[in-house]
4 protein chains.
Amino acid sequence: MKLSGVLPPIATPFKNGKVAYDKLKENFRKWNKTGLSGYLVLGSNGESGYLNERERLKMVEVSRDSIPKSKVMLVGTGLESTQETIRFTNEAARIGVDYALVVTPCYYKGAMKPQVLHDHFVAVAEASRIGILLYNVPQYTGVNMEPDLVAKLSHHPNILGIKDSSGNIGQLNQVIHNSEENFSVFTGSGPVLFPALCVGAVGGVLAVANAVPRECVKIYTLFTEGKLDQARALQNRLTPLANAVTTKHGIGGLKMAMDLAGYFGGVPRLPLKKPGPEIETELKGLLHQLTS
Amino acid sequence: MKLSGVLPPIATPFKNGKVAYDKLKENFRKWNKTGLSGYLVLGSNGESGYLNERERLKMVEVSRDSIPKSKVMLVGTGLESTQETIRFTNEAARIGVDYALVVTPCYYKGAMKPQVLHDHFVAVAEASRIGILLYNVPQYTGVNMEPDLVAKLSHHPNILGIKDSSGNIGQLNQVIHNSEENFSVFTGSGPVLFPALCVGAVGGVLAVANAVPRECVKIYTLFTEGKLDQARALQNRLTPLANAVTTKHGIGGLKMAMDLAGYFGGVPRLPLKKPGPEIETELKGLLHQLTS
Amino acid sequence: MKLSGVLPPIATPFKNGKVAYDKLKENFRKWNKTGLSGYLVLGSNGESGYLNERERLKMVEVSRDSIPKSKVMLVGTGLESTQETIRFTNEAARIGVDYALVVTPCYYKGAMKPQVLHDHFVAVAEASRIGILLYNVPQYTGVNMEPDLVAKLSHHPNILGIKDSSGNIGQLNQVIHNSEENFSVFTGSGPVLFPALCVGAVGGVLAVANAVPRECVKIYTLFTEGKLDQARALQNRLTPLANAVTTKHGIGGLKMAMDLAGYFGGVPRLPLKKPGPEIETELKGLLHQLTS
Amino acid sequence: MKLSGVLPPIATPFKNGKVAYDKLKENFRKWNKTGLSGYLVLGSNGESGYLNERERLKMVEVSRDSIPKSKVMLVGTGLESTQETIRFTNEAARIGVDYALVVTPCYYKGAMKPQVLHDHFVAVAEASRIGILLYNVPQYTGVNMEPDLVAKLSHHPNILGIKDSSGNIGQLNQVIHNSEENFSVFTGSGPVLFPALCVGAVGGVLAVANAVPRECVKIYTLFTEGKLDQARALQNRLTPLANAVTTKHGIGGLKMAMDLAGYFGGVPRLPLKKPGPEIETELKGLLHQLTS
């Protein structure tokens, strides 16, 4: 199972406050026709923290049924405590997912020293029945994994890669250069997919790929074909939308863009909200500019 | 039920990886003999995020049985989504707790704008069968509730107070001054209990009170008796320990101090750890200095 | 020369781009009739970094002539390099100022480790012909002096006090408690004058005292007379204006408030600007509310 | 005069506390034999803030004499006030420098809103007799220039480029893409020279180029020849040294590396210091690893 290319951290669709599994299947039918390499289920953009355990497991099961074996299936299984993370990772493994993505615990930020994070990830990797990828997303967690720590963990046989969403290309470069050779480094930041590939990333796990998977994949394939100028030019057209559906307008904005792009987005769960009509106009403009 | 004085956010005791409810009862028996006004169960210092739902409910039930009716019982019921927060708050209400302490949702920090937080707290307050207190703890959440927002929420008939753990006395002062008259403002920061009382706080919800409840209560009573110099002097003796068991050595340090002070502390859940022997020596010294 | 009470870090008046020394003298004539304990010349609020050396020296000379011997005269003499700081401190000493206020060097923030700051301040204190006070203002410098460092420096015979503008009362309390007994600790933050006094500060060096010296002094005297409730009540009336003329509207706002309060404020030097008419209305309201 | 390639922000040499102009000339003689495109005099790494005006002007004069006309000469002329910046920029112009590099004013961080910065840079550009480049270095100034502001300024006929030292490649990419076509965008961060070139930067103004100019230039030429794999590989060998001489060990570390590499480094001015022998060993190792 090759770890590379573009994967969306899929949005979780809701209708009337409940997870809309039928809409999820519809989205998968459409996404499966694009060049996406795979999917991340229960990532940050999947409002994972807003789902209860039952909903999470159902999300994994329905996604497993909808994702062809030719595509990678990642599931976000990281929780605050080591034992709950292990338990939930093996629940996901039982359902047949390929790899688990394990976020840094973060509530007690001050205590998340490198050695504490190291021991947590090693414990999870040792106990997990499937390979794991690290997940570094300091803008949400307030915790950053330094390249030295990642490099050390990259030598563990069951720690296979990382999704680094910091957007820090210097850090990504050092992670790639210092880590074990076959360690798979993904960026999690749409606006820097192109420079991430330039410094050696294997791909991106990108929120914006929920809405415009083909354009994201195109950047990746142009790059792998050595067409750098075209890849950069397409990145420059993607960047404003990629910024809009994450940093600027959050998950509500991402779901709105999905609706506009022909997928089911719907509303996020409260306290998150869908943005107003002026943002809809902005997103329409950005989509038009990118895809026309 | 008067909201004032000193309450510890009680530590959750573990033995062999399981919650040790017998040790919890022992701790309550000792705490009940001090002048504590009440207790916060499932707060940040209770490793609430490391407990599963079943453990949380059992913690509330056992605590309810152990807390005399003359003392206030608060329970931390805030979760990331509005609907889960409401559900869990009413679970706690069913068990007979006095008030719910509701933390700011925080994973999607960028989206937690004042209006979003306002609507979340109002929705919880409207749906809750018991009164709620706000919980502001930016060092853990990365989200700060500004005085204007708190003042606005203070007028809701079912929002009765706040625990502000920012340690920012200027902010606390403004919260107190701008809020509705009977709104109960607690500091959540042991090192600033005395100045918090000076600017009008009604008390403190203090981690260090798990280990040295009498000394914390003494600061409060000296202050209420107008003995400011003595209150300030005792605060100055408390501060080094208060810093040590929170900012410096975290929950592992707090539990170690509890063991040294005659309560059951034990180990925190992984990935948190108990500090090493040199910290034990430091804590012994600080305890000795305070209580001798 | 007693170090206590309220001192304004005086604004530098400009007319047609030049320092207006006549307006400065006018301001002093008015300030001298209030209960201010003294003055800080060339502080942050004096736009010190916007003056050339000649202007700075003239400011010190004119101020020296305008300040009666019964009031303390502090001058901000801290520059980036140790040798320039020493040179300028002794220039100020030659003119007859009482004490020098020396800010932490800050451009190379990452290099300003505690030992580097320690050695800088000791070198300045050793070479200075007048006593020095430390100046900690992290919101401008990005550098914070921890209580341990201040405590250590407080034992130097020529380091006599500190102006701490962090607004952090817990830190101020620790600075006071850990430092040498006669070390003079001032807050530099108007919104926390009252709690600063409660934890043992000797006074405040307060921007807002440029515009409303009497009200600031009144808080101090009420406190020293043991009238805590009245002191706190007046603080609560002062706080909105104190916030407005620093954090919110900067030096332009401070100068506008001075104009409205009967002093000469005028415009700051570019790139700083005077705020627009809606801020003038806000400041008028805040002044009216405080002084009526 | 072409603005591209690699320029060192030259270190200012000191002997016995005075600027050692002879050592400066020696360094230029060596640097001039490498492929450097030009030089930045009085940049952050030149300890500009530790020089008095007389020393600054002499630094510019001596440098002007030492820099051949075929190489670009930039001088850092930004000061806190608009009028002093204009005055000093035109002093530098009088001496015959090619371009002025103007840093964001920064002491009053909170007041440095986009419009304030915009008006400052336009005023300087209008009054300057030479073309100016913007200088964004948030790690020192605490102020960041957003891509939108830079893009707007890029259309001014006398604002010709920017040195962005944020190290943020996503931001650099947006600055490049949004700005006027011939606007020259340099990175100021050695560890990201390669990705900066990938997203369209014209070169780098790099501290580490003081010590290893040839290796920095080689990354640039390999890139322009389309030898991306070799450029990336050399970047990876440069990065540890580039991190060491800026973020990790500061200007003292940079000067130590210069001494080890055959240039005159010497000591920085106090309060900055030269690091100890264990850092010397580290730097020797990093230099050996890069150049062998």
# chains A, B, ... in the order shown; residues from 1 in each chain; ligands from 1

$ residues_around --residues "region 278-284 of chain A" --least-positions-apart "5" --cutoff "9 Å" --atoms "only C-alpha atoms" --output "ChimeraX atom specification"
/A:241,244-245,249,253,256-257,260-261,289

$ interface_residues --of "chain D" --to "chain C" --cutoff "8 Å" --atoms "only C-alpha atoms" --output "VMD selection string"
chain D and resid 49 to 50 80 to 84 107 to 111 116 to 117 119 to 120 139 to 142 247 249 to 250 269 to 273

$ write_last_selection --atoms "C-alpha atoms" --output "PDB file, in the first residue's frame"
ATOM      1  CA  GLY D  49      21.585  48.867  16.585  1.00  0.00           C
ATOM      2  CA  TYR D  50      24.846  48.677  18.541  1.00  0.00           C
ATOM      3  CA  GLU D  80      11.958  53.826  14.408  1.00  0.00           C
ATOM      4  CA  SER D  81      10.660  57.203  13.200  1.00  0.00           C
ATOM      5  CA  THR D  82       9.747  58.066   9.644  1.00  0.00           C
ATOM      6  CA  GLN D  83      11.757  61.288   9.575  1.00  0.00           C
ATOM      7  CA  GLU D  84      14.942  59.730  10.947  1.00  0.00           C
ATOM      8  CA  TYR D 107       8.949  49.293  19.278  1.00  0.00           C
ATOM      9  CA  TYR D 108       5.238  50.129  19.508  1.00  0.00           C
ATOM     10  CA  LYS D 109       4.209  46.761  18.099  1.00  0.00           C
ATOM     11  CA  GLY D 110       0.534  47.170  18.801  1.00  0.00           C
ATOM     12  CA  ALA D 111       0.411  50.402  16.798  1.00  0.00           C
ATOM     13  CA  VAL D 116       0.592  52.684   9.557  1.00  0.00           C
ATOM     14  CA  LEU D 117       3.304  50.546   7.970  1.00  0.00           C
ATOM     15  CA  ASP D 119       2.146  55.074   5.072  1.00  0.00           C
ATOM     16  CA  HIS D 120       5.604  54.810   6.620  1.00  0.00           C
ATOM     17  CA  GLN D 139      11.559  37.141  14.937  1.00  0.00           C
ATOM     18  CA  TYR D 140      13.390  40.349  15.852  1.00  0.00           C
ATOM     19  CA  THR D 141      10.653  42.945  15.456  1.00  0.00           C
ATOM     20  CA  GLY D 142       7.540  41.114  16.620  1.00  0.00           C
ATOM     21  CA  THR D 247      18.556  30.809  15.631  1.00  0.00           C
ATOM     22  CA  HIS D 249      23.905  30.636  18.604  1.00  0.00           C
ATOM     23  CA  GLY D 250      23.143  34.122  17.314  1.00  0.00           C
ATOM     24  CA  ARG D 269      29.391  43.971  21.198  1.00  0.00           C
ATOM     25  CA  LEU D 270      28.049  43.529  24.709  1.00  0.00           C
ATOM     26  CA  PRO D 271      25.524  42.467  25.863  1.00  0.00           C
ATOM     27  CA  LEU D 272      26.006  39.907  23.055  1.00  0.00           C
ATOM     28  CA  LYS D 273      28.736  37.381  23.682  1.00  0.00           C
TER      29      LYS D 273
END

$ residues_around --residues "Pro138 (chain B)" --least-positions-apart "4" --cutoff "10 Å" --atoms "only C-alpha atoms" --output "NGL selection string"
:B and (104 or 106 or 142-145 or 164-167)

$ write_last_selection --atoms "all heavy atoms" --output "mmCIF file, in the first residue's frame"
data_model
loop_
_atom_site.group_PDB
_atom_site.id
_atom_site.type_symbol
_atom_site.label_atom_id
_atom_site.label_comp_id
_atom_site.auth_asym_id
_atom_site.auth_seq_id
_atom_site.Cartn_x
_atom_site.Cartn_y
_atom_site.Cartn_z
ATOM 1 N N THR B 104 -14.512 26.424 27.874
ATOM 2 C CA THR B 104 -14.602 26.849 26.474
ATOM 3 C C THR B 104 -14.211 25.697 25.561
ATOM 4 O O THR B 104 -13.173 25.089 25.752
ATOM 5 C CB THR B 104 -13.618 28.000 26.201
ATOM 6 O OG1 THR B 104 -12.325 27.596 26.654
ATOM 7 C CG2 THR B 104 -14.027 29.260 26.897
ATOM 8 N N CYS B 106 -12.337 24.211 22.444
ATOM 9 C CA CYS B 106 -11.040 24.794 22.087
ATOM 10 C C CYS B 106 -10.275 24.154 20.943
ATOM 11 O O CYS B 106 -9.270 24.699 20.494
ATOM 12 C CB CYS B 106 -10.145 24.822 23.319
ATOM 13 S SG CYS B 106 -9.755 23.183 23.952
ATOM 14 N N GLY B 142 -5.807 27.505 24.876
ATOM 15 C CA GLY B 142 -5.399 28.431 23.818
ATOM 16 C C GLY B 142 -6.496 29.409 23.442
ATOM 17 O O GLY B 142 -6.398 30.099 22.427
ATOM 18 N N VAL B 143 -7.541 29.471 24.250
ATOM 19 C CA VAL B 143 -8.677 30.371 23.996
ATOM 20 C C VAL B 143 -8.884 31.208 25.254
ATOM 21 O O VAL B 143 -8.896 30.658 26.355
ATOM 22 C CB VAL B 143 -9.959 29.553 23.708
ATOM 23 C CG1 VAL B 143 -11.190 30.443 23.649
ATOM 24 C CG2 VAL B 143 -9.814 28.749 22.417
ATOM 25 N N ASN B 144 -9.025 32.512 25.119
ATOM 26 C CA ASN B 144 -9.282 33.365 26.276
ATOM 27 C C ASN B 144 -10.639 34.041 26.156
ATOM 28 O O ASN B 144 -10.989 34.552 25.099
ATOM 29 C CB ASN B 144 -8.197 34.454 26.411
ATOM 30 C CG ASN B 144 -8.359 35.261 27.694
ATOM 31 O OD1 ASN B 144 -8.571 34.696 28.768
ATOM 32 N ND2 ASN B 144 -8.292 36.585 27.581
ATOM 33 N N MET B 145 -11.403 34.031 27.246
ATOM 34 C CA MET B 145 -12.684 34.748 27.258
ATOM 35 C C MET B 145 -12.431 36.167 27.756
ATOM 36 O O MET B 145 -12.073 36.371 28.920
ATOM 37 C CB MET B 145 -13.666 34.069 28.204
ATOM 38 C CG MET B 145 -14.103 32.697 27.737
ATOM 39 S SD MET B 145 -15.393 32.035 28.855
ATOM 40 C CE MET B 145 -16.827 32.906 28.204
ATOM 41 N N ASP B 164 -11.788 31.614 36.472
ATOM 42 C CA ASP B 164 -10.826 32.160 35.530
ATOM 43 C C ASP B 164 -9.429 31.745 35.986
ATOM 44 O O ASP B 164 -8.952 32.195 37.032
ATOM 45 C CB ASP B 164 -10.953 33.687 35.450
ATOM 46 C CG ASP B 164 -10.006 34.291 34.428
ATOM 47 O OD1 ASP B 164 -8.793 33.958 34.451
ATOM 48 O OD2 ASP B 164 -10.446 35.091 33.588
ATOM 49 N N SER B 165 -8.803 30.891 35.217
ATOM 50 C CA SER B 165 -7.488 30.369 35.582
ATOM 51 C C SER B 165 -6.360 31.057 34.835
ATOM 52 O O SER B 165 -5.229 30.583 34.856
ATOM 53 C CB SER B 165 -7.441 28.864 35.294
ATOM 54 O OG SER B 165 -8.365 28.174 36.086
ATOM 55 N N SER B 166 -6.672 32.170 34.178
ATOM 56 C CA SER B 166 -5.640 32.854 33.400
ATOM 57 C C SER B 166 -4.518 33.378 34.293
ATOM 58 O O SER B 166 -3.397 33.565 33.847
ATOM 59 C CB SER B 166 -6.244 34.022 32.618
ATOM 60 O OG SER B 166 -6.668 35.038 33.517
ATOM 61 N N GLY B 167 -4.826 33.644 35.536
ATOM 62 C CA GLY B 167 -3.830 34.247 36.421
ATOM 63 C C GLY B 167 -3.654 35.737 36.174
ATOM 64 O O GLY B 167 -2.827 36.390 36.800
#

$ atom_distance --atom1 "CA of Ala20 (chain D)" --atom2 "CA of Met59 (chain D)"
9.6 Å

$ atom_distance --atom1 "CA of Cys216 (chain B)" --atom2 "CA of Val6 (chain B)"
6.9 Å

$ closest_residue --among "C:Leu228, C:Leu172, C:Ala207, C:Met73" --to "Ala242 (chain C)" --atoms "only C-alpha atoms"
C:Ala207

$ residues_around --residues "Ala201 (chain C)" --least-positions-apart "4" --cutoff "9 Å" --atoms "only C-alpha atoms" --output "PyMOL selection string"
chain C and resi 4+172-173+176+184-187+193+195-197

$ closest_residue --among "A:Asn210, A:Gln174, A:Ser66, A:Asn158" --to "Phe28 (chain A)" --atoms "only C-alpha atoms"
A:Ser66

$ closest_residue --among "D:Leu153, D:Val199, D:Leu7, D:Ala209" --to "Ala233 (chain A)" --atoms "only C-alpha atoms"
D:Val199

$ select_by_dssp --residues "region 80-289 of chain A" --states "strand (DSSP E)" --output "list in words"
Tyr99, Ala100, Leu101, Val102, Val103, Gly131, Ile132, Leu133, Leu134, Tyr135, Asn136, Ile159, Leu160, Gly161, Ile162, Lys163, Asp164, Ser184, Val185, Phe186, Thr187, Gly203, Gly204 and Val205 of chain A

$ write_last_selection --atoms "N, CA and C atoms" --output "mmCIF file, in the first residue's frame"
data_model
loop_
_atom_site.group_PDB
_atom_site.id
_atom_site.type_symbol
_atom_site.label_atom_id
_atom_site.label_comp_id
_atom_site.auth_asym_id
_atom_site.auth_seq_id
_atom_site.Cartn_x
_atom_site.Cartn_y
_atom_site.Cartn_z
ATOM 1 N N TYR A 99 -3.973 2.283 7.971
ATOM 2 C CA TYR A 99 -3.035 2.904 8.914
ATOM 3 C C TYR A 99 -3.805 3.820 9.863
ATOM 4 N N ALA A 100 -3.229 4.022 11.034
ATOM 5 C CA ALA A 100 -3.803 4.960 12.003
ATOM 6 C C ALA A 100 -2.961 6.231 12.027
ATOM 7 N N LEU A 101 -3.651 7.368 12.071
ATOM 8 C CA LEU A 101 -2.970 8.657 12.214
ATOM 9 C C LEU A 101 -3.166 9.101 13.657
ATOM 10 N N VAL A 102 -2.046 9.310 14.366
ATOM 11 C CA VAL A 102 -2.122 9.545 15.812
ATOM 12 C C VAL A 102 -1.615 10.947 16.143
ATOM 13 N N VAL A 103 -2.542 11.789 16.565
ATOM 14 C CA VAL A 103 -2.209 13.170 16.881
ATOM 15 C C VAL A 103 -1.469 13.242 18.219
ATOM 16 N N GLY A 131 0.115 -0.220 11.171
ATOM 17 C CA GLY A 131 1.141 0.809 11.171
ATOM 18 C C GLY A 131 0.544 2.163 11.526
ATOM 19 N N ILE A 132 1.345 3.019 12.153
ATOM 20 C CA ILE A 132 0.833 4.344 12.512
ATOM 21 C C ILE A 132 1.632 5.453 11.827
ATOM 22 N N LEU A 133 0.948 6.579 11.639
ATOM 23 C CA LEU A 133 1.583 7.817 11.190
ATOM 24 C C LEU A 133 1.396 8.849 12.303
ATOM 25 N N LEU A 134 2.401 9.659 12.499
ATOM 26 C CA LEU A 134 2.327 10.749 13.471
ATOM 27 C C LEU A 134 1.510 11.895 12.875
ATOM 28 N N TYR A 135 0.920 12.693 13.739
ATOM 29 C CA TYR A 135 0.145 13.841 13.261
ATOM 30 C C TYR A 135 0.526 15.065 14.095
ATOM 31 N N ASN A 136 1.147 16.017 13.425
ATOM 32 C CA ASN A 136 1.605 17.255 14.058
ATOM 33 C C ASN A 136 0.788 18.417 13.537
ATOM 34 N N ILE A 159 6.215 2.852 12.956
ATOM 35 C CA ILE A 159 5.882 4.276 12.746
ATOM 36 C C ILE A 159 6.330 4.616 11.330
ATOM 37 N N LEU A 160 5.365 4.802 10.452
ATOM 38 C CA LEU A 160 5.669 4.772 9.019
ATOM 39 C C LEU A 160 5.719 6.139 8.355
ATOM 40 N N GLY A 161 5.225 7.163 9.039
ATOM 41 C CA GLY A 161 5.217 8.469 8.390
ATOM 42 C C GLY A 161 4.646 9.532 9.298
ATOM 43 N N ILE A 162 4.418 10.685 8.736
ATOM 44 C CA ILE A 162 3.875 11.814 9.490
ATOM 45 C C ILE A 162 3.049 12.695 8.567
ATOM 46 N N LYS A 163 1.989 13.230 9.140
ATOM 47 C CA LYS A 163 1.294 14.348 8.526
ATOM 48 C C LYS A 163 1.684 15.575 9.340
ATOM 49 N N ASP A 164 2.414 16.493 8.723
ATOM 50 C CA ASP A 164 2.824 17.719 9.410
ATOM 51 C C ASP A 164 2.009 18.870 8.838
ATOM 52 N N SER A 184 7.389 8.224 5.406
ATOM 53 C CA SER A 184 6.521 8.969 4.476
ATOM 54 C C SER A 184 6.074 10.293 5.087
ATOM 55 N N VAL A 185 6.540 11.377 4.535
ATOM 56 C CA VAL A 185 6.219 12.690 5.089
ATOM 57 C C VAL A 185 5.196 13.407 4.202
ATOM 58 N N PHE A 186 4.037 13.654 4.760
ATOM 59 C CA PHE A 186 2.984 14.407 4.088
ATOM 60 C C PHE A 186 2.890 15.806 4.686
ATOM 61 N N THR A 187 2.618 16.779 3.853
ATOM 62 C CA THR A 187 2.193 18.058 4.411
ATOM 63 C C THR A 187 0.688 17.993 4.622
ATOM 64 N N GLY A 203 3.554 13.738 -0.497
ATOM 65 C CA GLY A 203 2.206 14.138 -0.864
ATOM 66 C C GLY A 203 1.581 15.022 0.179
ATOM 67 N N GLY A 204 0.251 15.146 0.088
ATOM 68 C CA GLY A 204 -0.452 16.032 1.007
ATOM 69 C C GLY A 204 -1.773 15.437 1.480
ATOM 70 N N VAL A 205 -2.074 15.667 2.743
ATOM 71 C CA VAL A 205 -3.395 15.338 3.291
ATOM 72 C C VAL A 205 -4.075 16.678 3.481
#

$ select_by_dssp --residues "region 193-245 of chain D" --states "alpha helix (DSSP H)" --output "PyMOL selection string"
chain D and resi 193-198+213-224+228-243

$ residues_around --residues "Pro213 (chain B)" --least-positions-apart "6" --cutoff "9 Å" --atoms "only C-alpha atoms" --output "tab-separated table (two decimals) with all heavy atoms, in the first residue's frame"
chain	number	residue	atom	x	y	z
B	6	VAL	N	-12.72	28.36	49.21
B	6	VAL	CA	-11.73	27.56	48.49
B	6	VAL	C	-12.26	26.18	48.16
B	6	VAL	O	-12.80	25.49	49.03
B	6	VAL	CB	-10.43	27.44	49.31
B	6	VAL	CG1	-9.43	26.52	48.62
B	6	VAL	CG2	-9.82	28.82	49.54
B	7	LEU	N	-12.11	25.80	46.90
B	7	LEU	CA	-12.51	24.47	46.43
B	7	LEU	C	-11.33	23.85	45.69
B	7	LEU	O	-10.75	24.50	44.82
B	7	LEU	CB	-13.69	24.53	45.47
B	7	LEU	CG	-15.00	25.19	45.90
B	7	LEU	CD1	-14.97	26.70	45.78
B	7	LEU	CD2	-16.16	24.63	45.08
B	8	PRO	N	-10.98	22.60	45.97
B	8	PRO	CA	-9.96	21.97	45.14
B	8	PRO	C	-10.60	21.34	43.90
B	8	PRO	O	-11.69	20.79	43.99
B	8	PRO	CB	-9.39	20.88	46.05
B	8	PRO	CG	-10.51	20.55	46.99
B	8	PRO	CD	-11.39	21.77	47.11
B	31	TRP	N	-10.42	15.59	53.44
B	31	TRP	CA	-10.72	16.96	52.98
B	31	TRP	C	-11.93	17.53	53.72
B	31	TRP	O	-11.99	18.73	54.00
B	31	TRP	CB	-11.03	16.96	51.47
B	31	TRP	CG	-9.86	16.81	50.56
B	31	TRP	CD1	-8.59	17.30	50.75
B	31	TRP	CD2	-9.84	16.15	49.29
B	31	TRP	NE1	-7.79	16.97	49.67
B	31	TRP	CE2	-8.53	16.27	48.76
B	31	TRP	CE3	-10.80	15.45	48.53
B	31	TRP	CZ2	-8.16	15.73	47.52
B	31	TRP	CZ3	-10.43	14.93	47.30
B	31	TRP	CH2	-9.12	15.06	46.81
B	34	THR	N	-11.47	19.72	56.72
B	34	THR	CA	-10.83	21.03	56.60
B	34	THR	C	-11.92	22.06	56.31
B	34	THR	O	-13.09	21.71	56.24
B	34	THR	CB	-9.83	21.03	55.43
B	34	THR	OG1	-10.57	20.88	54.21
B	34	THR	CG2	-8.81	19.91	55.56
B	35	GLY	N	-11.54	23.28	56.11
B	35	GLY	CA	-12.54	24.32	55.88
B	35	GLY	C	-12.92	24.55	54.43
B	35	GLY	O	-13.46	25.61	54.09
B	36	LEU	N	-12.64	23.57	53.58
B	36	LEU	CA	-12.98	23.74	52.16
B	36	LEU	C	-14.47	24.00	51.98
B	36	LEU	O	-15.30	23.36	52.63
B	36	LEU	CB	-12.59	22.48	51.37
B	36	LEU	CG	-11.09	22.22	51.25
B	36	LEU	CD1	-10.81	20.82	50.72
B	36	LEU	CD2	-10.44	23.27	50.33

$ residues_around --residues "Thr89 (chain D)" --least-positions-apart "2" --cutoff "8 Å" --atoms "only C-alpha atoms" --output "JSON, numbers by chain"
{"D": [77, 78, 85, 86, 87, 91, 92, 93, 100, 128]}

$ atom_distance --atom1 "CA of Ile67 (chain D)" --atom2 "CA of Pro157 (chain D)"
26.0 Å
